[in-house]
Amino acid sequence: MTSILAFVFVLGALIFVHELGHFLMARRIGVRVLTFSLGFGPKLIGFRRGGTEYCISAVPLGGYVKMAGEKPDETRIAAPDEFLSKSKWQRFQVLIMGPVMNLVVAVVLMAAVLYHGVPGPAFMQQPPLVGKVLDKAAMKRAGLRSGDLILSVDGDRVPTWADFLNAMAGKSKRHVAVTAERAGKPLDITFVPVGTGRYDIVDIDNLDILPILHPQIKSLRPQSPAVHADLRPGDVVLAADGERDVTNTRLIEIIRASEGRAITLEIKRDAQILPVSVSPRNIDGTVVIGADLSAFEIRTIRPGIWGALKMSLDQNWTWTKMIGQTLGGLFTDHTSVKQLMGPVAIADLAGMAAALGMLQLFSLMAMISLNLGLLNLMPIPVLDGGHIAILALEGVSKRDFSIKVKKQMLLAGFVLLVMLMGTVIYNDLARIQWIERLMPWR
């Protein structure tokens, strides 16, 4: 039920914003709007005001704004308030405003999320320097080693771990070319990552490689050795007993082997590097210092309004590049069509995000809004971008295409759109276990 409600909220809100963009611009340039509908198909509820019918329809997978005189083949009286009576520039403004509203909402929503502060692993914003490569890792068999610095994925530079993981996310079961650096010399490797989960996503867990991780103190037990040593929540352990870059597991091993003996921890506190001497002791049968540890440093960035807006623009640009790479990869075999998601997947993701909280849900909405805006700008007839492309072609040729030609273009776009929808819905259904068991070819 949570998934259904979240899906209706997310898609309903974003479609409303999209159609509102068309509606407001149409009204602004004097086009008479006949219908403003959320959803397609039979009308469930509605009312009429100012010559426009506002309604909610049965199929919540889209929406539309019906304008007077917008179709070349419909009966027209060539009134000045008809869509086709307006200039190409004015019609372009109406068509472009739907996607533009989605792009603006994506930036605003993500800025609002970032303004509230989002905690995340600190290593994600650090260069992808490999700390450990597990024996089972495909990248190890390809030649990657601890200490290598990853530079690019399929020719695209990846300056941070976040960039690297974003680049790898959609490349399951595809040959991937990675360029790394070892001791100042370039190293080229090729391997085939395998994603996991219902969305077949490649992440750091199934890559079986680890960055250099520094444990962080989350909390302290009262009257414990850590308290007496003046350790504090938020301290990051860089070294222990002379051993640098200790992992959480290794730190615990050092502590348990040091009962009654003072060990020196090198910690990072704010911008300072400090040595701290602490003496582990046996408490309830376990040698501890009394600190609850996180396996890696968590950093929460709390920017101001303008900082959040800039970060949102950066994040949306990163997502835009990912979308472009995914779509481009469909034609170069770098992306599997199985990565495409449809309404069932969106509902599932919306439900999971809603369960985590409103900030996570708004983050997902921002990404979906960006996708909706960009995909609608694709030059496919039926979509806004297709109509814009036809306007552009008519402008270049300095003549309007015939009704027959436009119908053929729209039919081709409709067929392509149906094929795309069929693919994403098939992918969605195949991710449901009991349905997948009925597909022996998978």
# chains A, B, ... in the order shown; residues from 1 in each chain; ligands from 1
$ select_by_dssp --residues "region 217-348 of chain A" --states "strand (DSSP E)" --output "compact mmCIF listing (two decimals) with C-alpha atoms, in the first residue's frame"
# COMPACT_ATOMS: atom_id res chain seq x y z
CA ILE A 217 33.57 7.07 16.77
CA LYS A 218 29.78 7.26 16.92
CA SER A 219 29.25 7.23 20.70
CA LEU A 220 31.08 6.54 23.97
CA VAL A 236 38.08 9.66 12.93
CA VAL A 237 40.82 7.07 13.57
CA LEU A 238 43.63 7.41 11.02
CA ALA A 239 46.18 5.12 12.68
CA ALA A 240 46.45 2.77 15.67
CA GLU A 243 49.72 1.17 11.91
CA ARG A 244 48.24 3.58 9.40
CA ILE A 263 48.05 2.34 22.58
CA THR A 264 48.29 5.55 20.59
CA LEU A 265 45.50 6.46 18.20
CA GLU A 266 46.04 9.14 15.60
CA ILE A 267 42.70 10.85 15.18
CA LYS A 268 41.25 13.58 13.00
CA ARG A 269 39.03 16.01 14.88
CA GLN A 272 43.22 18.85 13.54
CA ILE A 273 45.31 15.66 13.64
CA LEU A 274 45.83 14.59 17.28
CA PRO A 275 47.58 11.72 19.05
CA VAL A 276 45.49 10.13 21.79
CA SER A 277 46.75 7.51 24.27
CA VAL A 278 44.10 5.04 25.44
CA ARG A 281 40.49 -2.90 29.48
CA ASN A 282 38.36 -5.98 29.96
CA ILE A 283 34.70 -5.09 30.37
CA THR A 286 35.73 -8.33 26.20
CA VAL A 287 38.74 -6.04 25.86
CA VAL A 288 37.38 -2.68 24.69
CA ALA A 291 33.61 3.37 21.85
CA ASP A 292 30.88 2.49 19.33
CA LEU A 293 32.55 2.61 15.92
CA SER A 294 31.34 3.21 12.38
CA ILE A 298 30.21 9.87 7.97
CA ARG A 299 30.10 13.48 6.86
CA THR A 300 27.03 15.69 6.94
CA ILE A 301 27.17 18.80 4.78
$ select_by_dssp --residues "region 40-244 of chain A" --states "alpha helix (DSSP H)" --output "number ranges by chain"
A: 88-115, 138-142, 161-168, 204-207, 225-228
